[in-house]
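In what follows, a single structure is set out as structure tokens and then discussed.
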Amino acid sequence: MYSQGLRDSKAGDDSPELLEAFQKRIDNEEKIEPRDWMPQAYRQTLIRQISQHAHSEIVGQLPEANWVSRAPTLKRKLILLAKIQDEAGHGLYLYSAAETLGESRHKMFEDLLSGKAKYSSIFNYPTLNWADVGAVGWLVDGAAIMNQVALCRTSYGPYSRSMVKICKEESFHQRQGYDIMIKMAQGTAQQKAMAQDAINRLWWPALMMFGPSDKDSKHSGQSMKWKIKRFSNDDLRDKFINATVPQAEYLGLTIPDKDLKYNEKSKTYEHGEIDWNEFVNVIKGNGECNQQRMDARNRAYDDGKWVRATAAAYAKKQQKNEKVA
Ligand code: 3HC
């Protein structure tokens, strides 16, 4: 019943019996695999989320790449280069996972380059000083892991398996970011001020990575029912805040939220109001670096044209040779 293949799940095919049986599999924690029957909306939700996630990994290389040529030591430069390469790899695993749902990589690229597809809002903020590289690793990769550890249990097999490998690397990224923050926070007064400046600018955008509040999240309800998402946006954001505030305290840095307070009863932190207008503005394309990021991706795509053409010509020649042999 389930191995009906990709082409059988088209809009309008979703009979109540199939939907019910599908939900039962989800409720039983079975993984859904590429050739299994799935509702069209489940497929589309996954393509949307996985491709946005892949784009985030790829665009996310840019703010850090800004510091490769100015890393303070050779060792820091090597670590940063390795991290940026990891992010490219994450993008590739995720594009591959989305391809198993029938979406072509070319179409996903086109959607990113035309500005149609979204990528994480966080990457539209600039990295202004070296401490930002630390804060990106600590806060941005830290927020990403909080979400991605949960995604290792997402219901779609290829997505879940790719997340397992990605999380291992993200956890190294978070640690190297925190290591930079420790060095800066324990350094000169000027270095500590740079670290504080980085957290002042990146704290709120990092909280926005988890998406709109639960009452405004349009996809969460269905995505959680299908176990594509395992936690709501607000739950993950709260988990991140609870894990990160003590880390900031250890660094001797201040979280830029005057309303942040510890609730003794619930043993959790309560945070101030997020500026949702800023969030909406950034995802609409009006953030400080949206244009710069899109220009960089389009330039890279154009510059790589000859590589794609050469690879395609080589593959064609190989095919021809195989036919002759
Ligand atoms: N930036 C940009 N767009 C965002 C966003 C953000 N921080 N948060 C939400 N959105 C968009 C959604 O994509 C959706 O847009 P769409 O309907 O046009 O597709 C809209 O806002 C409404 O949000 P919802 O809460 O209804 O959307 P989701 O249920 O998809 O939840 C999400 C949003 C929590 C980001 C979810 O998609 C998710 O968990 N995605 C996988 C993780 C991911 O993409 N992480 C990217 C982080 S960066 C990264 O991983 C790189 C690493 O190297 C640091």
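Chains: A, B, ... in order of the structure tokens. Residues: from 1 per chain. Ligands: from 1, in order shown.
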A:Gln49 surroundings by only C-alpha atoms, 12 Å radius, close-in-sequence under 5 positions cut, as a PDB file with all heavy atoms, in the first residue's frame:
```
ATOM      1  N   TYR A  42       2.196  17.033   2.692  1.00  0.00           N
ATOM      2  CA  TYR A  42       3.353  16.609   3.496  1.00  0.00           C
ATOM      3  C   TYR A  42       4.616  16.789   2.651  1.00  0.00           C
ATOM      4  O   TYR A  42       5.614  17.356   3.092  1.00  0.00           O
ATOM      5  CB  TYR A  42       3.156  15.148   3.910  1.00  0.00           C
ATOM      6  CG  TYR A  42       4.303  14.509   4.678  1.00  0.00           C
ATOM      7  CD1 TYR A  42       4.412  14.641   6.065  1.00  0.00           C
ATOM      8  CD2 TYR A  42       5.261  13.734   4.022  1.00  0.00           C
ATOM      9  CE1 TYR A  42       5.454  14.037   6.768  1.00  0.00           C
ATOM     10  CE2 TYR A  42       6.296  13.131   4.717  1.00  0.00           C
ATOM     11  CZ  TYR A  42       6.396  13.280   6.095  1.00  0.00           C
ATOM     12  OH  TYR A  42       7.423  12.676   6.779  1.00  0.00           O
ATOM     13  N   ARG A  43       4.541  16.314   1.386  1.00  0.00           N
ATOM     14  CA  ARG A  43       5.685  16.444   0.478  1.00  0.00           C
ATOM     15  C   ARG A  43       6.057  17.919   0.291  1.00  0.00           C
ATOM     16  O   ARG A  43       7.222  18.297   0.389  1.00  0.00           O
ATOM     17  CB  ARG A  43       5.318  15.818  -0.882  1.00  0.00           C
ATOM     18  CG  ARG A  43       6.452  15.775  -1.878  1.00  0.00           C
ATOM     19  CD  ARG A  43       5.993  15.293  -3.247  1.00  0.00           C
ATOM     20  NE  ARG A  43       5.398  13.961  -3.249  1.00  0.00           N
ATOM     21  CZ  ARG A  43       6.090  12.823  -3.198  1.00  0.00           C
ATOM     22  NH1 ARG A  43       7.396  12.859  -3.147  1.00  0.00           N
ATOM     23  NH2 ARG A  43       5.470  11.664  -3.208  1.00  0.00           N
ATOM     24  N   GLN A  44       5.052  18.757   0.049  1.00  0.00           N
ATOM     25  CA  GLN A  44       5.331  20.179  -0.210  1.00  0.00           C
ATOM     26  C   GLN A  44       5.904  20.878   1.029  1.00  0.00           C
ATOM     27  O   GLN A  44       6.785  21.722   0.921  1.00  0.00           O
ATOM     28  CB  GLN A  44       4.051  20.912  -0.683  1.00  0.00           C
ATOM     29  CG  GLN A  44       3.628  20.554  -2.096  1.00  0.00           C
ATOM     30  CD  GLN A  44       4.792  20.616  -3.105  1.00  0.00           C
ATOM     31  OE1 GLN A  44       5.654  21.486  -3.041  1.00  0.00           O
ATOM     32  NE2 GLN A  44       4.838  19.678  -4.039  1.00  0.00           N
ATOM     33  N   ALA A  54      18.433  24.220   3.509  1.00  0.00           N
ATOM     34  CA  ALA A  54      19.645  24.104   2.667  1.00  0.00           C
ATOM     35  C   ALA A  54      20.146  25.491   2.268  1.00  0.00           C
ATOM     36  O   ALA A  54      21.348  25.785   2.362  1.00  0.00           O
ATOM     37  CB  ALA A  54      19.333  23.278   1.418  1.00  0.00           C
ATOM     38  N   HIS A  55      19.219  26.350   1.838  1.00  0.00           N
ATOM     39  CA  HIS A  55      19.630  27.711   1.439  1.00  0.00           C
ATOM     40  C   HIS A  55      20.297  28.433   2.622  1.00  0.00           C
ATOM     41  O   HIS A  55      21.254  29.181   2.443  1.00  0.00           O
ATOM     42  CB  HIS A  55      18.423  28.543   0.990  1.00  0.00           C
ATOM     43  CG  HIS A  55      17.675  27.982  -0.187  1.00  0.00           C
ATOM     44  ND1 HIS A  55      18.286  27.283  -1.198  1.00  0.00           N
ATOM     45  CD2 HIS A  55      16.353  28.032  -0.519  1.00  0.00           C
ATOM     46  CE1 HIS A  55      17.358  26.925  -2.095  1.00  0.00           C
ATOM     47  NE2 HIS A  55      16.193  27.367  -1.703  1.00  0.00           N
ATOM     48  N   SER A  56      19.771  28.191   3.830  1.00  0.00           N
ATOM     49  CA  SER A  56      20.330  28.865   5.023  1.00  0.00           C
ATOM     50  C   SER A  56      21.774  28.433   5.244  1.00  0.00           C
ATOM     51  O   SER A  56      22.633  29.243   5.603  1.00  0.00           O
ATOM     52  CB  SER A  56      19.525  28.521   6.283  1.00  0.00           C
ATOM     53  OG  SER A  56      18.178  28.848   6.105  1.00  0.00           O
ATOM     54  N   LEU A  94      21.321  18.505   2.467  1.00  0.00           N
ATOM     55  CA  LEU A  94      19.906  18.902   2.537  1.00  0.00           C
ATOM     56  C   LEU A  94      19.282  19.021   1.144  1.00  0.00           C
ATOM     57  O   LEU A  94      18.141  18.611   0.936  1.00  0.00           O
ATOM     58  CB  LEU A  94      19.772  20.205   3.327  1.00  0.00           C
ATOM     59  CG  LEU A  94      20.023  20.026   4.839  1.00  0.00           C
ATOM     60  CD1 LEU A  94      20.292  21.362   5.516  1.00  0.00           C
ATOM     61  CD2 LEU A  94      18.860  19.316   5.513  1.00  0.00           C
ATOM     62  N   TYR A  95      20.050  19.546   0.178  1.00  0.00           N
ATOM     63  CA  TYR A  95      19.511  19.579  -1.193  1.00  0.00           C
ATOM     64  C   TYR A  95      19.246  18.139  -1.652  1.00  0.00           C
ATOM     65  O   TYR A  95      18.236  17.859  -2.296  1.00  0.00           O
ATOM     66  CB  TYR A  95      20.481  20.270  -2.158  1.00  0.00           C
ATOM     67  CG  TYR A  95      20.521  21.792  -2.042  1.00  0.00           C
ATOM     68  CD1 TYR A  95      21.715  22.480  -1.857  1.00  0.00           C
ATOM     69  CD2 TYR A  95      19.346  22.545  -2.128  1.00  0.00           C
ATOM     70  CE1 TYR A  95      21.750  23.867  -1.747  1.00  0.00           C
ATOM     71  CE2 TYR A  95      19.367  23.939  -2.019  1.00  0.00           C
ATOM     72  CZ  TYR A  95      20.578  24.590  -1.829  1.00  0.00           C
ATOM     73  OH  TYR A  95      20.603  25.962  -1.721  1.00  0.00           O
ATOM     74  N   ALA A  97      18.494  15.588   0.213  1.00  0.00           N
ATOM     75  CA  ALA A  97      17.289  15.086   0.902  1.00  0.00           C
ATOM     76  C   ALA A  97      16.037  15.631   0.218  1.00  0.00           C
ATOM     77  O   ALA A  97      15.059  14.899   0.004  1.00  0.00           O
ATOM     78  CB  ALA A  97      17.315  15.475   2.378  1.00  0.00           C
ATOM     79  N   ALA A  98      16.068  16.909  -0.180  1.00  0.00           N
ATOM     80  CA  ALA A  98      14.895  17.503  -0.843  1.00  0.00           C
ATOM     81  C   ALA A  98      14.683  16.875  -2.229  1.00  0.00           C
ATOM     82  O   ALA A  98      13.541  16.682  -2.669  1.00  0.00           O
ATOM     83  CB  ALA A  98      15.048  19.015  -0.950  1.00  0.00           C
ATOM     84  N   LEU A 101      12.406  14.000  -2.728  1.00  0.00           N
ATOM     85  CA  LEU A 101      10.954  14.266  -2.734  1.00  0.00           C
ATOM     86  C   LEU A 101      10.478  14.672  -4.121  1.00  0.00           C
ATOM     87  O   LEU A 101       9.316  15.041  -4.309  1.00  0.00           O
ATOM     88  CB  LEU A 101      10.641  15.384  -1.728  1.00  0.00           C
ATOM     89  CG  LEU A 101      10.828  14.963  -0.270  1.00  0.00           C
ATOM     90  CD1 LEU A 101      11.171  16.166   0.599  1.00  0.00           C
ATOM     91  CD2 LEU A 101       9.581  14.245   0.249  1.00  0.00           C
ATOM     92  N   MET A 108      15.461  24.474  -7.051  1.00  0.00           N
ATOM     93  CA  MET A 108      15.707  25.054  -5.718  1.00  0.00           C
ATOM     94  C   MET A 108      16.675  26.236  -5.818  1.00  0.00           C
ATOM     95  O   MET A 108      16.472  27.270  -5.201  1.00  0.00           O
ATOM     96  CB  MET A 108      16.244  23.977  -4.755  1.00  0.00           C
ATOM     97  CG  MET A 108      15.187  22.958  -4.372  1.00  0.00           C
ATOM     98  SD  MET A 108      15.781  21.797  -3.136  1.00  0.00           S
ATOM     99  CE  MET A 108      16.392  20.448  -4.138  1.00  0.00           C
ATOM    100  N   ALA A 117      12.636  32.002  -2.758  1.00  0.00           N
ATOM    101  CA  ALA A 117      12.746  31.109  -1.588  1.00  0.00           C
ATOM    102  C   ALA A 117      13.347  31.848  -0.397  1.00  0.00           C
ATOM    103  O   ALA A 117      14.153  32.755  -0.568  1.00  0.00           O
ATOM    104  CB  ALA A 117      13.640  29.919  -1.947  1.00  0.00           C
ATOM    105  N   LYS A 118      12.929  31.430   0.781  1.00  0.00           N
ATOM    106  CA  LYS A 118      13.464  32.048   2.000  1.00  0.00           C
ATOM    107  C   LYS A 118      14.738  31.330   2.456  1.00  0.00           C
ATOM    108  O   LYS A 118      14.975  30.182   2.107  1.00  0.00           O
ATOM    109  CB  LYS A 118      12.431  31.946   3.114  1.00  0.00           C
ATOM    110  CG  LYS A 118      11.219  32.853   2.917  1.00  0.00           C
ATOM    111  CD  LYS A 118      10.435  32.958   4.239  1.00  0.00           C
ATOM    112  CE  LYS A 118       9.349  34.007   4.176  1.00  0.00           C
ATOM    113  NZ  LYS A 118       8.164  33.570   3.446  1.00  0.00           N
ATOM    114  N   TYR A 119      15.514  32.028   3.267  1.00  0.00           N
ATOM    115  CA  TYR A 119      16.608  31.431   4.032  1.00  0.00           C
ATOM    116  C   TYR A 119      16.596  32.146   5.370  1.00  0.00           C
ATOM    117  O   TYR A 119      15.930  33.178   5.527  1.00  0.00           O
ATOM    118  CB  TYR A 119      17.960  31.568   3.299  1.00  0.00           C
ATOM    119  CG  TYR A 119      18.355  32.987   2.989  1.00  0.00           C
ATOM    120  CD1 TYR A 119      19.037  33.765   3.913  1.00  0.00           C
ATOM    121  CD2 TYR A 119      18.001  33.584   1.779  1.00  0.00           C
ATOM    122  CE1 TYR A 119      19.378  35.078   3.646  1.00  0.00           C
ATOM    123  CE2 TYR A 119      18.342  34.894   1.496  1.00  0.00           C
ATOM    124  CZ  TYR A 119      19.024  35.639   2.438  1.00  0.00           C
ATOM    125  OH  TYR A 119      19.344  36.955   2.165  1.00  0.00           O
ATOM    126  N   SER A 120      17.343  31.611   6.339  1.00  0.00           N
ATOM    127  CA  SER A 120      17.200  32.132   7.699  1.00  0.00           C
ATOM    128  C   SER A 120      17.516  33.630   7.790  1.00  0.00           C
ATOM    129  O   SER A 120      18.540  34.095   7.276  1.00  0.00           O
ATOM    130  CB  SER A 120      18.099  31.345   8.656  1.00  0.00           C
ATOM    131  OG  SER A 120      17.851  31.792   9.969  1.00  0.00           O
ATOM    132  N   LEU A 151      15.236  17.810  15.085  1.00  0.00           N
ATOM    133  CA  LEU A 151      14.951  17.364  13.714  1.00  0.00           C
ATOM    134  C   LEU A 151      15.578  16.006  13.379  1.00  0.00           C
ATOM    135  O   LEU A 151      15.223  15.386  12.385  1.00  0.00           O
ATOM    136  CB  LEU A 151      15.413  18.417  12.700  1.00  0.00           C
ATOM    137  CG  LEU A 151      14.568  19.694  12.631  1.00  0.00           C
ATOM    138  CD1 LEU A 151      15.218  20.711  11.696  1.00  0.00           C
ATOM    139  CD2 LEU A 151      13.141  19.395  12.172  1.00  0.00           C
ATOM    140  N   THR A 154      12.806  13.838  13.059  1.00  0.00           N
ATOM    141  CA  THR A 154      11.719  14.219  12.152  1.00  0.00           C
ATOM    142  C   THR A 154      11.204  12.978  11.422  1.00  0.00           C
ATOM    143  O   THR A 154      11.931  11.978  11.290  1.00  0.00           O
ATOM    144  CB  THR A 154      12.227  15.299  11.150  1.00  0.00           C
ATOM    145  OG1 THR A 154      11.105  15.851  10.473  1.00  0.00           O
ATOM    146  CG2 THR A 154      13.191  14.729  10.138  1.00  0.00           C
ATOM    147  N   TYR A 156      10.506  12.277   8.293  1.00  0.00           N
ATOM    148  CA  TYR A 156      10.968  11.903   6.951  1.00  0.00           C
ATOM    149  C   TYR A 156      12.405  11.358   7.018  1.00  0.00           C
ATOM    150  O   TYR A 156      13.332  12.083   7.424  1.00  0.00           O
ATOM    151  CB  TYR A 156      10.884  13.107   5.997  1.00  0.00           C
ATOM    152  CG  TYR A 156      11.200  12.725   4.568  1.00  0.00           C
ATOM    153  CD1 TYR A 156      10.464  11.727   3.923  1.00  0.00           C
ATOM    154  CD2 TYR A 156      12.232  13.329   3.875  1.00  0.00           C
ATOM    155  CE1 TYR A 156      10.763  11.344   2.615  1.00  0.00           C
ATOM    156  CE2 TYR A 156      12.529  12.965   2.563  1.00  0.00           C
ATOM    157  CZ  TYR A 156      11.786  11.964   1.946  1.00  0.00           C
ATOM    158  OH  TYR A 156      12.080  11.586   0.653  1.00  0.00           O
ATOM    159  N   TYR A 159      15.671  13.245   5.659  1.00  0.00           N
ATOM    160  CA  TYR A 159      15.908  14.497   6.394  1.00  0.00           C
ATOM    161  C   TYR A 159      16.480  14.161   7.771  1.00  0.00           C
ATOM    162  O   TYR A 159      17.480  14.740   8.206  1.00  0.00           O
ATOM    163  CB  TYR A 159      14.584  15.259   6.518  1.00  0.00           C
ATOM    164  CG  TYR A 159      14.679  16.703   7.008  1.00  0.00           C
ATOM    165  CD1 TYR A 159      15.844  17.462   6.909  1.00  0.00           C
ATOM    166  CD2 TYR A 159      13.547  17.335   7.550  1.00  0.00           C
ATOM    167  CE1 TYR A 159      15.892  18.787   7.335  1.00  0.00           C
ATOM    168  CE2 TYR A 159      13.590  18.655   7.978  1.00  0.00           C
ATOM    169  CZ  TYR A 159      14.762  19.378   7.871  1.00  0.00           C
ATOM    170  OH  TYR A 159      14.802  20.691   8.294  1.00  0.00           O
ATOM    171  N   HIS A 219       2.564  27.231   9.924  1.00  0.00           N
ATOM    172  CA  HIS A 219       2.783  25.831   9.554  1.00  0.00           C
ATOM    173  C   HIS A 219       2.911  24.888  10.746  1.00  0.00           C
ATOM    174  O   HIS A 219       2.809  23.676  10.578  1.00  0.00           O
ATOM    175  CB  HIS A 219       4.070  25.702   8.719  1.00  0.00           C
ATOM    176  CG  HIS A 219       4.063  26.523   7.465  1.00  0.00           C
ATOM    177  ND1 HIS A 219       3.179  26.304   6.438  1.00  0.00           N
ATOM    178  CD2 HIS A 219       4.845  27.562   7.069  1.00  0.00           C
ATOM    179  CE1 HIS A 219       3.411  27.176   5.462  1.00  0.00           C
ATOM    180  NE2 HIS A 219       4.417  27.950   5.825  1.00  0.00           N
ATOM    181  N   SER A 220       3.201  25.442  11.934  1.00  0.00           N
ATOM    182  CA  SER A 220       3.577  24.575  13.066  1.00  0.00           C
ATOM    183  C   SER A 220       2.555  23.488  13.390  1.00  0.00           C
ATOM    184  O   SER A 220       2.929  22.339  13.619  1.00  0.00           O
ATOM    185  CB  SER A 220       3.825  25.404  14.328  1.00  0.00           C
ATOM    186  OG  SER A 220       5.098  25.952  14.278  1.00  0.00           O
ATOM    187  N   SER A 223       2.648  20.717  10.868  1.00  0.00           N
ATOM    188  CA  SER A 223       3.994  20.119  10.841  1.00  0.00           C
ATOM    189  C   SER A 223       4.247  19.292  12.093  1.00  0.00           C
ATOM    190  O   SER A 223       4.930  18.267  12.041  1.00  0.00           O
ATOM    191  CB  SER A 223       5.074  21.202  10.735  1.00  0.00           C
ATOM    192  OG  SER A 223       5.079  21.726   9.441  1.00  0.00           O
ATOM    193  N   ILE A 228       6.985  16.441  11.457  1.00  0.00           N
ATOM    194  CA  ILE A 228       8.095  17.054  10.712  1.00  0.00           C
ATOM    195  C   ILE A 228       8.835  17.931  11.723  1.00  0.00           C
ATOM    196  O   ILE A 228      10.050  17.873  11.840  1.00  0.00           O
ATOM    197  CB  ILE A 228       7.562  17.893   9.521  1.00  0.00           C
ATOM    198  CG1 ILE A 228       6.955  16.971   8.470  1.00  0.00           C
ATOM    199  CG2 ILE A 228       8.680  18.769   8.931  1.00  0.00           C
ATOM    200  CD1 ILE A 228       6.266  17.697   7.315  1.00  0.00           C
ATOM    201  N   LYS A 229       8.083  18.715  12.474  1.00  0.00           N
ATOM    202  CA  LYS A 229       8.645  19.469  13.600  1.00  0.00           C
ATOM    203  C   LYS A 229       8.280  18.731  14.886  1.00  0.00           C
ATOM    204  O   LYS A 229       7.149  18.270  15.029  1.00  0.00           O
ATOM    205  CB  LYS A 229       8.038  20.881  13.647  1.00  0.00           C
ATOM    206  CG  LYS A 229       8.612  21.821  12.601  1.00  0.00           C
ATOM    207  CD  LYS A 229       7.788  23.087  12.451  1.00  0.00           C
ATOM    208  CE  LYS A 229       8.125  24.143  13.465  1.00  0.00           C
ATOM    209  NZ  LYS A 229       7.592  25.482  13.039  1.00  0.00           N
TER     210      LYS A 229
END
```
Self-check item: Distance filter 7 Å around ligand 1, atoms: only C-alpha atoms and all ligand atoms, out as a PyMOL selection string
Solution: chain A and resi 48-50+52-53+56-57+60+87+118-122+140-141+144+147-148+170+208-212+217-220+223+229+233+283
Export of the given selection (N, CA and C atoms) as an mmCIF file, in the first residue's frame:
```cif
data_model
loop_
_atom_site.group_PDB
_atom_site.id
_atom_site.type_symbol
_atom_site.label_atom_id
_atom_site.label_comp_id
_atom_site.auth_asym_id
_atom_site.auth_seq_id
_atom_site.Cartn_x
_atom_site.Cartn_y
_atom_site.Cartn_z
ATOM 1 N N ARG A 48 9.547 22.615 1.120
ATOM 2 C CA ARG A 48 9.686 24.015 1.561
ATOM 3 C C ARG A 48 10.697 24.114 2.717
ATOM 4 N N GLN A 49 10.486 23.305 3.728
ATOM 5 C CA GLN A 49 11.343 23.440 4.917
ATOM 6 C C GLN A 49 12.787 23.002 4.639
ATOM 7 N N ILE A 50 12.935 21.853 3.957
ATOM 8 C CA ILE A 50 14.302 21.350 3.730
ATOM 9 C C ILE A 50 15.065 22.284 2.786
ATOM 10 N N GLN A 52 14.555 25.512 2.320
ATOM 11 C CA GLN A 52 14.892 26.750 3.054
ATOM 12 C C GLN A 52 16.075 26.501 3.982
ATOM 13 N N HIS A 53 16.069 25.315 4.563
ATOM 14 C CA HIS A 53 17.158 24.955 5.473
ATOM 15 C C HIS A 53 18.478 24.872 4.686
ATOM 16 N N SER A 56 19.771 28.191 3.830
ATOM 17 C CA SER A 56 20.330 28.865 5.023
ATOM 18 C C SER A 56 21.774 28.433 5.244
ATOM 19 N N GLU A 57 22.029 27.149 5.028
ATOM 20 C CA GLU A 57 23.403 26.661 5.202
ATOM 21 C C GLU A 57 24.329 27.331 4.191
ATOM 22 N N GLY A 60 24.517 31.076 4.774
ATOM 23 C CA GLY A 60 25.157 31.246 6.085
ATOM 24 C C GLY A 60 26.678 31.239 6.026
ATOM 25 N N GLU A 87 29.543 23.911 6.412
ATOM 26 C CA GLU A 87 28.212 24.467 6.109
ATOM 27 C C GLU A 87 27.839 24.162 4.652
ATOM 28 N N LYS A 118 12.929 31.430 0.781
ATOM 29 C CA LYS A 118 13.464 32.048 2.000
ATOM 30 C C LYS A 118 14.738 31.330 2.456
ATOM 31 N N TYR A 119 15.514 32.028 3.267
ATOM 32 C CA TYR A 119 16.608 31.431 4.032
ATOM 33 C C TYR A 119 16.596 32.146 5.370
ATOM 34 N N SER A 120 17.343 31.611 6.339
ATOM 35 C CA SER A 120 17.200 32.132 7.699
ATOM 36 C C SER A 120 17.516 33.630 7.790
ATOM 37 N N SER A 121 16.628 34.324 8.484
ATOM 38 C CA SER A 121 16.734 35.778 8.678
ATOM 39 C C SER A 121 18.086 36.200 9.260
ATOM 40 N N ILE A 122 18.678 35.343 10.074
ATOM 41 C CA ILE A 122 19.907 35.714 10.795
ATOM 42 C C ILE A 122 21.034 36.127 9.855
ATOM 43 N N VAL A 140 24.398 31.503 16.932
ATOM 44 C CA VAL A 140 23.670 31.105 15.714
ATOM 45 C C VAL A 140 23.731 29.584 15.534
ATOM 46 N N ASP A 141 24.941 29.020 15.637
ATOM 47 C CA ASP A 141 25.023 27.558 15.538
ATOM 48 C C ASP A 141 24.360 26.924 16.759
ATOM 49 N N ALA A 144 20.789 26.915 16.014
ATOM 50 C CA ALA A 144 20.544 25.916 14.956
ATOM 51 C C ALA A 144 20.530 24.515 15.565
ATOM 52 N N ASN A 147 17.367 23.453 17.417
ATOM 53 C CA ASN A 147 16.310 23.036 16.504
ATOM 54 C C ASN A 147 16.658 21.697 15.847
ATOM 55 N N GLN A 148 17.930 21.542 15.475
ATOM 56 C CA GLN A 148 18.299 20.415 14.620
ATOM 57 C C GLN A 148 18.413 19.093 15.375
ATOM 58 N N GLU A 170 27.658 20.690 13.802
ATOM 59 C CA GLU A 170 27.183 21.967 14.379
ATOM 60 C C GLU A 170 27.624 22.090 15.834
ATOM 61 N N MET A 208 15.157 35.208 16.837
ATOM 62 C CA MET A 208 14.212 35.217 15.700
ATOM 63 C C MET A 208 14.409 34.009 14.784
ATOM 64 N N MET A 209 15.584 33.358 14.875
ATOM 65 C CA MET A 209 15.823 32.174 14.027
ATOM 66 C C MET A 209 14.753 31.103 14.236
ATOM 67 N N PHE A 210 14.160 31.059 15.436
ATOM 68 C CA PHE A 210 13.186 29.994 15.732
ATOM 69 C C PHE A 210 11.828 30.250 15.077
ATOM 70 N N GLY A 211 11.696 31.400 14.408
ATOM 71 C CA GLY A 211 10.463 31.684 13.687
ATOM 72 C C GLY A 211 9.460 32.444 14.529
ATOM 73 N N PRO A 212 8.302 32.771 13.937
ATOM 74 C CA PRO A 212 7.301 33.567 14.639
ATOM 75 C C PRO A 212 6.796 32.859 15.892
ATOM 76 N N SER A 217 2.601 31.286 13.996
ATOM 77 C CA SER A 217 3.246 30.328 13.092
ATOM 78 C C SER A 217 2.177 29.599 12.269
ATOM 79 N N LYS A 218 2.218 29.797 10.946
ATOM 80 C CA LYS A 218 1.132 29.218 10.137
ATOM 81 C C LYS A 218 1.321 27.724 9.880
ATOM 82 N N HIS A 219 2.564 27.231 9.924
ATOM 83 C CA HIS A 219 2.783 25.831 9.554
ATOM 84 C C HIS A 219 2.911 24.888 10.746
ATOM 85 N N SER A 220 3.201 25.442 11.934
ATOM 86 C CA SER A 220 3.577 24.575 13.066
ATOM 87 C C SER A 220 2.555 23.488 13.390
ATOM 88 N N SER A 223 2.648 20.717 10.868
ATOM 89 C CA SER A 223 3.994 20.119 10.841
ATOM 90 C C SER A 223 4.247 19.292 12.093
ATOM 91 N N LYS A 229 8.083 18.715 12.474
ATOM 92 C CA LYS A 229 8.645 19.469 13.600
ATOM 93 C C LYS A 229 8.280 18.731 14.886
ATOM 94 N N ASN A 233 7.905 26.555 17.793
ATOM 95 C CA ASN A 233 8.935 27.602 17.701
ATOM 96 C C ASN A 233 9.232 28.187 19.091
ATOM 97 N N ILE A 283 12.634 39.242 6.712
ATOM 98 C CA ILE A 283 12.293 38.127 5.808
ATOM 99 C C ILE A 283 11.600 38.614 4.522
#
```
Practice problem: Do a neighbour search on A:Leu113 at 7 Å with only C-alpha atoms, toss out local chain neighbours closer than 3 positions, and write the hits as a list in words. | Solution: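 Counting only C-alpha atoms, the residues come to Phe109, Glu110, Met294, Arg297 and Asn298 of chain A.
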Exercise. Fewer than 3 positions away in the same chain doesn't count, so skip those; otherwise give me all residues within 9 Å of A:Glu273, counting only C-alpha atoms, as a list of chain:residue names.
Key: A:Asp257, A:Asp259, A:Trp276
Writing out the chosen residues with N, CA, C and O atoms as an mmCIF file, in the first residue's frame:
```cif
data_model
loop_
_atom_site.group_PDB
_atom_site.id
_atom_site.type_symbol
_atom_site.label_atom_id
_atom_site.label_comp_id
_atom_site.auth_asym_id
_atom_site.auth_seq_id
_atom_site.Cartn_x
_atom_site.Cartn_y
_atom_site.Cartn_z
ATOM 1 N N ASP A 257 18.620 42.213 27.290
ATOM 2 C CA ASP A 257 17.159 42.128 27.459
ATOM 3 C C ASP A 257 16.847 42.553 28.893
ATOM 4 O O ASP A 257 17.036 41.775 29.835
ATOM 5 N N ASP A 259 14.159 42.891 30.324
ATOM 6 C CA ASP A 259 13.020 42.179 30.941
ATOM 7 C C ASP A 259 13.317 40.706 31.208
ATOM 8 O O ASP A 259 12.439 39.960 31.650
ATOM 9 N N TRP A 276 8.895 41.883 16.391
ATOM 10 C CA TRP A 276 8.425 41.100 15.240
ATOM 11 C C TRP A 276 8.359 41.925 13.962
ATOM 12 O O TRP A 276 8.383 41.372 12.863
#
```
Exercise. Enter the distance from atom CA of A:Ala185 to atom CA of A:Asp86, in Å, rounded to one decimal.
Key: 26.4 Å
Quiz prompt | Shortest interatomic distance to A:Thr73 - which of A:Trp130, A:Trp306, A:Trp203, A:Phe240, counting only C-alpha atoms | solution =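 Among A:Trp130, A:Trp306, A:Trp203, A:Phe240, it is A:Trp130 that comes nearest to A:Thr73.
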Exercise. Fewer than 5 positions away in the same chain doesn't count, so skip those; otherwise give me all residues within 9 Å of A:Thr127, counting only C-alpha atoms, as a list in words.
Key: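 Once the adjacent positions are removed, what remains is Pro63, Glu64, Asn66, Trp67, Asp132, Val133, Val136 and Ala198 of chain A.
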Quiz item: Which residues, written as a PyMOL selection string, have at least one atom at most 10 Å from A:Lys165, with only C-alpha atoms counted and residues fewer than 3 positions away on the same chain left out?
Solution: chain A and resi 90+93+152+160-162+168-170
Quiz item: Neighbours of A:Gly177 within 10 Å (only C-alpha atoms; same-chain residues fewer than 2 positions away dropped), as an NGL selection string?
Solution: :A and (80 or 131-142 or 171-175 or 179-182)
Could you list, with a cut-off of 8 Å and counting only C-alpha atoms, the residues of stretch 102-208 of chain A near stretch 28-41 of chain A, each shown with its nearest atom pair and the distance in Å rounded to one decimal, rows sorted by chain and ascending number, as CSV?
```
residue,atom,partner,partner_atom,distance
A:Ser155,CA,A:Lys31,CA,5.1
A:Tyr156,CA,A:Ile32,CA,4.9
A:Gly157,CA,A:Lys31,CA,5.2
A:Pro158,CA,A:Glu33,CA,7.1
```
For those residues, write N, CA and C atoms to a file as a tab-separated table (two decimals), in the first residue's frame.
```
chain	number	residue	atom	x	y	z
A	155	SER	N	9.96	13.04	10.94
A	155	SER	CA	9.36	11.80	10.42
A	155	SER	C	9.88	11.38	9.04
A	156	TYR	N	10.51	12.28	8.29
A	156	TYR	CA	10.97	11.90	6.95
A	156	TYR	C	12.41	11.36	7.02
A	157	GLY	N	12.57	10.10	6.63
A	157	GLY	CA	13.84	9.39	6.80
A	157	GLY	C	15.08	10.14	6.31
A	158	PRO	N	15.12	10.54	5.01
A	158	PRO	CA	16.35	11.19	4.52
A	158	PRO	C	16.68	12.49	5.26
```
